[in-house]
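S.K.: What follows is run-v7.txt; its format and atoms are compact mmCIF, C-alpha atoms.
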# COMPACT_ATOMS: atom_id res chain seq x y z
CA MET T 758 0.00 0.00 0.00
CA THR T 759 1.94 3.02 -1.28
CA ILE T 760 0.82 6.49 -0.32
CA ASP T 761 2.19 9.53 -2.11
CA ALA T 762 2.49 12.28 0.46
CA GLN T 763 4.82 15.18 1.10
CA THR T 764 4.26 15.39 4.87
CA PRO T 765 3.29 13.01 7.68
CA ASP T 766 -0.03 14.86 8.10
CA GLU T 767 -0.81 14.39 4.41
CA TYR T 768 0.15 10.70 4.68
CA ILE T 769 -2.35 10.20 7.49
CA SER T 770 -5.06 12.17 5.67
CA LYS T 771 -4.81 9.73 2.75
CA LEU T 772 -5.24 6.62 4.88
CA PRO T 773 -8.47 4.63 4.98
CA GLU T 774 -10.62 5.71 7.92
CA ASN T 775 -10.02 2.46 9.80
CA ARG T 776 -6.25 3.16 9.85
CA LYS T 777 -6.05 6.88 10.63
CA GLU T 778 -6.41 6.62 14.41
CA ALA T 779 -3.95 3.73 14.80
CA VAL T 780 -1.27 5.35 12.63
CA SER T 781 -1.81 8.74 14.29
CA GLN T 782 -1.46 7.21 17.74
CA LEU T 783 1.66 5.27 16.74
CA ARG T 784 3.14 8.44 15.23
CA GLU T 785 2.44 10.42 18.40
CA THR T 786 4.01 7.69 20.55
CA VAL T 787 7.17 7.72 18.46
CA LYS T 788 7.40 11.53 18.26
CA SER T 789 6.85 11.94 22.00
CA ASN T 790 9.46 9.40 22.99
CA LEU T 791 12.34 9.67 20.55
CA PRO T 792 15.38 11.46 21.96
CA ASN T 793 16.17 14.89 20.52
CA GLY T 794 18.00 14.88 17.21
CA PHE T 795 15.77 12.65 15.11
CA GLU T 796 13.71 14.45 12.48
CA GLU T 797 10.27 13.50 11.23
CA CYS T 798 9.75 13.41 7.46
CA ILE T 799 8.44 11.28 4.64
CA SER T 800 11.02 8.58 3.97
CA TYR T 801 10.52 5.81 1.43
CA LYS T 802 6.85 6.86 1.09
CA MET T 803 6.31 6.24 4.82
CA ILE T 804 6.36 8.42 7.90
CA GLY T 805 10.02 8.45 8.81
CA TYR T 806 12.33 9.43 11.62
CA VAL T 807 15.86 10.06 10.44
CA VAL T 808 19.23 11.45 11.47
CA SER T 809 19.60 14.55 9.33
CA HIS T 810 22.66 15.44 7.30
CA SER T 811 23.42 18.21 9.79
CA LEU T 812 24.11 15.51 12.43
CA TYR T 813 25.42 12.83 10.07
CA PRO T 814 26.69 14.36 6.80
CA ASN T 815 27.56 10.97 5.29
CA GLY T 816 23.87 10.08 4.98
CA TYR T 817 22.62 6.60 4.20
CA HIS T 818 25.20 4.33 2.52
CA VAL T 819 22.66 3.07 -0.03
CA ASP T 820 22.13 6.67 -1.18
CA PRO T 821 24.26 9.27 0.65
CA LYS T 822 21.90 12.04 -0.53
CA LEU T 823 19.31 10.59 1.87
CA PRO T 824 19.45 11.15 5.63
CA LEU T 825 20.18 8.13 7.80
CA PRO T 826 16.86 6.30 8.39
CA PHE T 827 15.96 5.02 11.85
CA ILE T 828 12.21 4.40 12.23
CA ASN T 829 9.39 4.25 9.69
CA ILE T 830 5.65 3.88 10.16
CA ALA T 831 3.52 2.55 7.33
CA SER T 832 0.04 1.38 6.61
CA GLN T 833 0.43 -1.79 4.57
CA LYS T 834 -2.28 -3.86 2.92
CA ASN T 835 -3.00 -6.14 5.90
CA PHE T 836 -1.30 -4.41 8.82
CA VAL T 837 0.28 -1.28 10.25
CA ALA T 838 4.05 -1.57 10.46
CA LEU T 839 6.75 -0.05 12.59
CA TYR T 840 10.19 -0.46 11.02
CA HIS T 841 12.95 0.02 13.61
CA SER T 842 16.51 -0.13 12.30
CA GLY T 843 17.93 -0.41 15.81
CA ILE T 844 16.18 -3.73 16.34
CA TYR T 845 17.78 -4.96 13.12
CA ALA T 846 21.27 -3.81 14.10
CA ASP T 847 21.32 -4.56 17.84
CA LYS T 848 20.67 -8.14 18.94
CA GLU T 849 20.31 -7.14 22.60
CA LEU T 850 17.64 -4.58 21.72
CA HIS T 851 15.89 -7.12 19.50
CA ASP T 852 15.93 -9.76 22.22
CA TRP T 853 14.67 -7.26 24.82
CA PHE T 854 11.73 -6.34 22.59
CA VAL T 855 10.84 -9.99 21.91
CA ARG T 856 10.90 -10.74 25.66
CA GLU T 857 8.80 -7.70 26.57
CA TYR T 858 6.15 -7.96 23.86
CA PRO T 859 4.09 -10.76 25.50
CA LYS T 860 3.77 -8.63 28.64
CA TYR T 861 1.75 -6.10 26.60
CA VAL T 862 -0.03 -8.12 23.90
CA LYS T 863 -1.57 -11.58 24.20
CA THR T 864 -1.27 -12.48 20.51
CA LYS T 865 1.92 -13.80 18.96
CA LEU T 866 4.52 -11.23 17.89
CA ASP T 867 4.60 -10.83 14.10
CA MET T 868 8.04 -9.50 13.30
CA GLY T 869 10.65 -9.49 10.55
CA LYS T 870 14.23 -8.26 10.74
CA SER T 871 13.25 -4.67 11.44
CA CYS T 872 9.49 -4.77 10.87
CA ILE T 873 6.94 -5.13 13.66
CA ARG T 874 3.51 -5.88 12.16
CA PHE T 875 0.28 -4.92 13.89
CA LYS T 876 -2.72 -6.63 12.32
CA ASN T 877 -5.09 -5.66 15.14
CA MET T 878 -5.16 -1.88 15.37
CA ASN T 879 -6.53 -2.11 18.93
CA THR T 880 -3.56 -3.97 20.38
CA ILE T 881 -0.63 -1.75 19.38
CA PRO T 882 1.43 -1.65 22.60
CA SER T 883 2.01 2.09 22.92
CA ALA T 884 3.86 1.85 26.25
CA LEU T 885 6.26 -0.75 24.85
CA ILE T 886 6.83 1.29 21.68
CA ALA T 887 7.50 4.34 23.87
CA ASP T 888 10.14 2.39 25.82
CA LEU T 889 11.69 1.14 22.57
CA CYS T 890 11.92 4.67 21.17
CA GLN T 891 13.70 5.94 24.29
CA LYS T 892 16.48 3.36 24.12
CA MET T 893 18.64 4.90 21.38
CA THR T 894 19.85 8.43 20.74
CA PRO T 895 20.93 9.65 17.29
CA LYS T 896 24.56 9.36 18.46
CA ASP T 897 23.94 5.75 19.58
CA TRP T 898 22.27 4.93 16.27
CA ILE T 899 25.10 6.44 14.20
CA ALA T 900 27.70 4.41 16.11
CA LEU T 901 25.69 1.20 15.78
CA TYR T 902 25.01 1.86 12.10
CA GLU T 903 28.69 2.44 11.36
CA GLN T 904 29.71 -0.66 13.31
CA ASN T 905 27.07 -3.16 12.12
CA ILE T 906 25.47 -1.96 8.89
CA LYS T 907 27.39 0.61 6.87
CA LYS T 908 29.24 -0.83 3.92
CA THR T 909 32.59 0.83 3.33
As a first step, turn the structure in this file into C-alpha cells.
M.R.:
Amino acid sequence: MTIDAQTPDEYISKLPENRKEAVSQLRETVKSNLPNGFEECISYKMIGYVVSHSLYPNGYHVDPKLPLPFINIASQKNFVALYHSGIYADKELHDWFVREYPKYVKTKLDMGKSCIRFKNMNTIPSALIADLCQKMTPKDWIALYEQNIKKT
C-alpha cells in the first residue's frame, strides 16, 4: 500500500478511515518518545524518523543524498508496520523487545528483521513502543550503524 504524500499529516489524511487513528497514535508515541536529534519526514513513502545530514553528513550508505533512516511507520495492505533499524542492528535490543512484547499483547509477535507488524489496530502496545523509542539516541544509532550496517 503506497501512499504519495509530502508530509506526515498528508500521509495520514490519505489513509483509509479504519487506519487513521492507529497510525496517528503510533506516530504520536514515536514523536513523543524519541530522543532529541531525530527528524520526522516522509522517507521511502512512509512516515520516517531520520538522522539529518546536519548531524550525520555521510547520509545513508545506499544513497548518501538521503538522511540516515531510523524508524518508519507505514500502513500496509494487511497491517500497520513499525520499522525500527535499531532492532535490526542490535541483537540485545531485539531480544529485549521480543521478551517484553508478551507482557503487553496476548497475541503472537509478528516481526521481521526490522518490521513489527500490527494486524489488530486495537492492540498496538504504545507503552512498549514508547520504551523502545527511548532506548537509542541519534549518536547511539550512528555508532551502531557504522559498526554493524554501513558498507565501506
S.K.: Taking 5 positions as the minimum chain separation for residues in the same chain, which residues sit within 12 Å of Leu772 (chain T) when counting all atoms listed in the file? Answer as number ranges by chain.
M.R.: T: 758-762, 765-767, 777-781, 803, 831-834, 837
S.K.: Restricting the calculation to only C-alpha atoms: of T:Val808, T:Leu885, T:Leu783, T:Cys890, which residue gets closest to Pro859 (chain T)?
M.R.: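 Of all the options, T:Leu885 lies closest to Pro859 (chain T).
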S.K.: Contacts of Leu825 (chain T) at 7 Å or less, counting only C-alpha atoms, minus same-chain residues fewer than 5 places along, as a PyMOL selection string?
M.R.: chain T and resi 807-809+816-817
S.K.: How many Å separate CA of Ile804 (chain T) from CA of Ala838 (chain T)?
M.R.: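 These two atoms are separated by 10.6 Å.
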S.K.: Looking at T:Lys771, T:Gln763, T:Lys907, T:Ile799, which one is nearest to Val819 (chain T), with distances taken over all atoms listed in the file?
M.R.: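 Among T:Lys771, T:Gln763, T:Lys907, T:Ile799, it is T:Lys907 that comes nearest to Val819 (chain T).
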S.K.: Would you mind telling me which residue in T:Asn835, T:Asn829, T:Asn877, T:Thr864 lies nearest to Tyr801 (chain T) when using only C-alpha atoms?
M.R.: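 Among the listed residues, the smallest separation from Tyr801 (chain T) belongs to T:Asn829.
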S.K.: So what do you get for CA of Phe795 (chain T) versus CA of Lys822 (chain T), distance-wise?
M.R.: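 Result for CA of Phe795 (chain T) versus CA of Lys822 (chain T): 16.8 Å, one decimal.
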S.K.: Show which residues sit within 12 Å of Val787 (chain T), as a ChimeraX atom specification. Count only C-alpha atoms, and ignore same-chain residues fewer than 4 positions away.
M.R.: /T:780-783,791-793,795-797,804-806,827-830,839-841,882-892
S.K.: Any idea what the distance is between CA of Thr894 (chain T) and CA of Asn790 (chain T)?
M.R.: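 Computing it gives 10.7 Å between the two atoms.
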S.K.: Extract, using all atoms listed in the file, all DNA, RNA and protein residues at most 12 Å from Asn905 (chain T), discarding same-chain residues fewer than 5 positions from it, and format them as a PDB file with C-alpha atoms, in the coordinates of the input.
M.R.:
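Contents of selection.pdb, freshly written:
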ATOM      1  CA  SER T 842      16.510  -0.130  12.300  1.00  0.00           C
ATOM      2  CA  GLY T 843      17.930  -0.410  15.810  1.00  0.00           C
ATOM      3  CA  ILE T 844      16.180  -3.730  16.340  1.00  0.00           C
ATOM      4  CA  TYR T 845      17.780  -4.960  13.120  1.00  0.00           C
ATOM      5  CA  ALA T 846      21.270  -3.810  14.100  1.00  0.00           C
ATOM      6  CA  ASP T 847      21.320  -4.560  17.840  1.00  0.00           C
ATOM      7  CA  LYS T 848      20.670  -8.140  18.940  1.00  0.00           C
ATOM      8  CA  TRP T 898      22.270   4.930  16.270  1.00  0.00           C
ATOM      9  CA  ILE T 899      25.100   6.440  14.200  1.00  0.00           C
ATOM     10  CA  ALA T 900      27.700   4.410  16.110  1.00  0.00           C
TER      11      ALA T 900
END
S.K.: Using all atoms of region 831-837 of chain T that appear in the file, construct an axis-aligned enclosing box with 3 Å of padding on every side and provide its centre coordinates and edge lengths in Å, rounded to one decimal, as JSON.
M.R.:
{"center_x": 0.3, "center_y": -1.8, "center_z": 6.6, "size_x": 12.5, "size_y": 14.7, "size_z": 13.3}
S.K.: Which residue gives the smallest distance to Thr880 (chain T) among T:Tyr902, T:Phe836, T:Trp853, T:Tyr768, with only C-alpha atoms counted?
M.R.: T:Phe836
S.K.: Could you please give me, as a PyMOL selection string, the residues of protein, DNA or RNA lying at most 10 Å from (10.4, -7.1, 20.4) in the coordinate frame of the file, considering all atoms listed in the file?
M.R.: chain T and resi 844+850-859+866-868+871-873+885-886+889
S.K.: Create the file for the chosen residues now, containing C-alpha atoms and written as a PDB file, in the frame of the given file.
M.R.:
ATOM      1  CA  ILE T 844      16.180  -3.730  16.340  1.00  0.00           C
ATOM      2  CA  LEU T 850      17.640  -4.580  21.720  1.00  0.00           C
ATOM      3  CA  HIS T 851      15.890  -7.120  19.500  1.00  0.00           C
ATOM      4  CA  ASP T 852      15.930  -9.760  22.220  1.00  0.00           C
ATOM      5  CA  TRP T 853      14.670  -7.260  24.820  1.00  0.00           C
ATOM      6  CA  PHE T 854      11.730  -6.340  22.590  1.00  0.00           C
ATOM      7  CA  VAL T 855      10.840  -9.990  21.910  1.00  0.00           C
ATOM      8  CA  ARG T 856      10.900 -10.740  25.660  1.00  0.00           C
ATOM      9  CA  GLU T 857       8.800  -7.700  26.570  1.00  0.00           C
ATOM     10  CA  TYR T 858       6.150  -7.960  23.860  1.00  0.00           C
ATOM     11  CA  PRO T 859       4.090 -10.760  25.500  1.00  0.00           C
ATOM     12  CA  LEU T 866       4.520 -11.230  17.890  1.00  0.00           C
ATOM     13  CA  ASP T 867       4.600 -10.830  14.100  1.00  0.00           C
ATOM     14  CA  MET T 868       8.040  -9.500  13.300  1.00  0.00           C
ATOM     15  CA  SER T 871      13.250  -4.670  11.440  1.00  0.00           C
ATOM     16  CA  CYS T 872       9.490  -4.770  10.870  1.00  0.00           C
ATOM     17  CA  ILE T 873       6.940  -5.130  13.660  1.00  0.00           C
ATOM     18  CA  LEU T 885       6.260  -0.750  24.850  1.00  0.00           C
ATOM     19  CA  ILE T 886       6.830   1.290  21.680  1.00  0.00           C
ATOM     20  CA  LEU T 889      11.690   1.140  22.570  1.00  0.00           C
TER      21      LEU T 889
END
S.K.: Which residue is closest to Ser800 (chain T)? Choose from T:Pro826, T:Pro773, T:Gly869, T:Pro814 and count only C-alpha atoms.
M.R.: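 Closest residue, counting only C-alpha atoms: T:Pro826.
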S.K.: Could you pull region 882-893 of chain T out of the structure just shown and give all heavy atoms as a PDB file, in the first residue's frame?
M.R.:
ATOM      1  N   PRO T 882       0.972  -1.905  21.231  1.00  0.00           N
ATOM      2  CA  PRO T 882       1.432  -1.652  22.605  1.00  0.00           C
ATOM      3  C   PRO T 882       2.179  -0.315  22.724  1.00  0.00           C
ATOM      4  O   PRO T 882       3.413  -0.257  22.707  1.00  0.00           O
ATOM      5  CB  PRO T 882       2.354  -2.842  22.873  1.00  0.00           C
ATOM      6  CG  PRO T 882       2.912  -3.175  21.518  1.00  0.00           C
ATOM      7  CD  PRO T 882       1.799  -2.889  20.542  1.00  0.00           C
ATOM      8  N   SER T 883       1.423   0.747  22.892  1.00  0.00           N
ATOM      9  CA  SER T 883       2.014   2.095  22.920  1.00  0.00           C
ATOM     10  C   SER T 883       3.092   2.244  23.991  1.00  0.00           C
ATOM     11  O   SER T 883       4.138   2.858  23.735  1.00  0.00           O
ATOM     12  CB  SER T 883       0.923   3.143  23.134  1.00  0.00           C
ATOM     13  OG  SER T 883       0.046   3.152  22.037  1.00  0.00           O
ATOM     14  N   ALA T 884       2.866   1.710  25.173  1.00  0.00           N
ATOM     15  CA  ALA T 884       3.861   1.849  26.249  1.00  0.00           C
ATOM     16  C   ALA T 884       5.163   1.132  25.886  1.00  0.00           C
ATOM     17  O   ALA T 884       6.258   1.650  26.148  1.00  0.00           O
ATOM     18  CB  ALA T 884       3.302   1.308  27.562  1.00  0.00           C
ATOM     19  N   LEU T 885       5.062  -0.017  25.264  1.00  0.00           N
ATOM     20  CA  LEU T 885       6.257  -0.749  24.849  1.00  0.00           C
ATOM     21  C   LEU T 885       6.972  -0.004  23.719  1.00  0.00           C
ATOM     22  O   LEU T 885       8.203   0.105  23.718  1.00  0.00           O
ATOM     23  CB  LEU T 885       5.891  -2.170  24.409  1.00  0.00           C
ATOM     24  CG  LEU T 885       7.048  -3.037  23.906  1.00  0.00           C
ATOM     25  CD1 LEU T 885       8.118  -3.211  24.981  1.00  0.00           C
ATOM     26  CD2 LEU T 885       6.517  -4.388  23.438  1.00  0.00           C
ATOM     27  N   ILE T 886       6.228   0.520  22.768  1.00  0.00           N
ATOM     28  CA  ILE T 886       6.829   1.289  21.678  1.00  0.00           C
ATOM     29  C   ILE T 886       7.504   2.543  22.243  1.00  0.00           C
ATOM     30  O   ILE T 886       8.598   2.927  21.817  1.00  0.00           O
ATOM     31  CB  ILE T 886       5.773   1.661  20.607  1.00  0.00           C
ATOM     32  CG1 ILE T 886       5.156   0.402  19.991  1.00  0.00           C
ATOM     33  CG2 ILE T 886       6.377   2.560  19.533  1.00  0.00           C
ATOM     34  CD1 ILE T 886       6.116  -0.574  19.370  1.00  0.00           C
ATOM     35  N   ALA T 887       6.882   3.167  23.225  1.00  0.00           N
ATOM     36  CA  ALA T 887       7.497   4.338  23.874  1.00  0.00           C
ATOM     37  C   ALA T 887       8.843   3.957  24.491  1.00  0.00           C
ATOM     38  O   ALA T 887       9.844   4.663  24.295  1.00  0.00           O
ATOM     39  CB  ALA T 887       6.552   4.898  24.932  1.00  0.00           C
ATOM     40  N   ASP T 888       8.883   2.846  25.223  1.00  0.00           N
ATOM     41  CA  ASP T 888      10.141   2.387  25.821  1.00  0.00           C
ATOM     42  C   ASP T 888      11.189   2.104  24.750  1.00  0.00           C
ATOM     43  O   ASP T 888      12.354   2.469  24.892  1.00  0.00           O
ATOM     44  CB  ASP T 888       9.924   1.125  26.656  1.00  0.00           C
ATOM     45  CG  ASP T 888       9.211   1.383  27.966  1.00  0.00           C
ATOM     46  OD1 ASP T 888       9.068   2.564  28.355  1.00  0.00           O
ATOM     47  OD2 ASP T 888       8.781   0.397  28.595  1.00  0.00           O
ATOM     48  N   LEU T 889      10.776   1.454  23.673  1.00  0.00           N
ATOM     49  CA  LEU T 889      11.687   1.139  22.571  1.00  0.00           C
ATOM     50  C   LEU T 889      12.287   2.421  21.983  1.00  0.00           C
ATOM     51  O   LEU T 889      13.490   2.495  21.736  1.00  0.00           O
ATOM     52  CB  LEU T 889      10.942   0.350  21.493  1.00  0.00           C
ATOM     53  CG  LEU T 889      11.715   0.023  20.224  1.00  0.00           C
ATOM     54  CD1 LEU T 889      12.903  -0.886  20.518  1.00  0.00           C
ATOM     55  CD2 LEU T 889      10.780  -0.622  19.202  1.00  0.00           C
ATOM     56  N   CYS T 890      11.457   3.413  21.774  1.00  0.00           N
ATOM     57  CA  CYS T 890      11.920   4.667  21.175  1.00  0.00           C
ATOM     58  C   CYS T 890      12.927   5.401  22.057  1.00  0.00           C
ATOM     59  O   CYS T 890      13.801   6.104  21.557  1.00  0.00           O
ATOM     60  CB  CYS T 890      10.731   5.578  20.877  1.00  0.00           C
ATOM     61  SG  CYS T 890       9.723   4.993  19.509  1.00  0.00           S
ATOM     62  N   GLN T 891      12.823   5.233  23.352  1.00  0.00           N
ATOM     63  CA  GLN T 891      13.701   5.939  24.291  1.00  0.00           C
ATOM     64  C   GLN T 891      15.076   5.297  24.431  1.00  0.00           C
ATOM     65  O   GLN T 891      15.978   5.886  25.021  1.00  0.00           O
ATOM     66  CB  GLN T 891      13.031   6.006  25.670  1.00  0.00           C
ATOM     67  CG  GLN T 891      11.784   6.837  25.690  1.00  0.00           C
ATOM     68  CD  GLN T 891      11.002   6.683  26.987  1.00  0.00           C
ATOM     69  OE1 GLN T 891      11.512   6.174  27.984  1.00  0.00           O
ATOM     70  NE2 GLN T 891       9.758   7.110  26.965  1.00  0.00           N
ATOM     71  N   LYS T 892      15.269   4.126  23.875  1.00  0.00           N
ATOM     72  CA  LYS T 892      16.485   3.359  24.118  1.00  0.00           C
ATOM     73  C   LYS T 892      17.689   3.747  23.270  1.00  0.00           C
ATOM     74  O   LYS T 892      18.791   3.267  23.529  1.00  0.00           O
ATOM     75  CB  LYS T 892      16.202   1.871  23.960  1.00  0.00           C
ATOM     76  CG  LYS T 892      15.310   1.352  25.075  1.00  0.00           C
ATOM     77  CD  LYS T 892      15.323  -0.133  25.150  1.00  0.00           C
ATOM     78  CE  LYS T 892      14.563  -0.618  26.350  1.00  0.00           C
ATOM     79  NZ  LYS T 892      15.234  -0.387  27.626  1.00  0.00           N
ATOM     80  N   MET T 893      17.514   4.601  22.258  1.00  0.00           N
ATOM     81  CA  MET T 893      18.639   4.898  21.381  1.00  0.00           C
ATOM     82  C   MET T 893      18.613   6.354  20.939  1.00  0.00           C
ATOM     83  O   MET T 893      17.627   6.814  20.374  1.00  0.00           O
ATOM     84  CB  MET T 893      18.579   3.962  20.166  1.00  0.00           C
ATOM     85  CG  MET T 893      19.876   3.860  19.404  1.00  0.00           C
ATOM     86  SD  MET T 893      19.828   2.559  18.141  1.00  0.00           S
ATOM     87  CE  MET T 893      19.802   1.082  19.145  1.00  0.00           C
TER      88      MET T 893
END
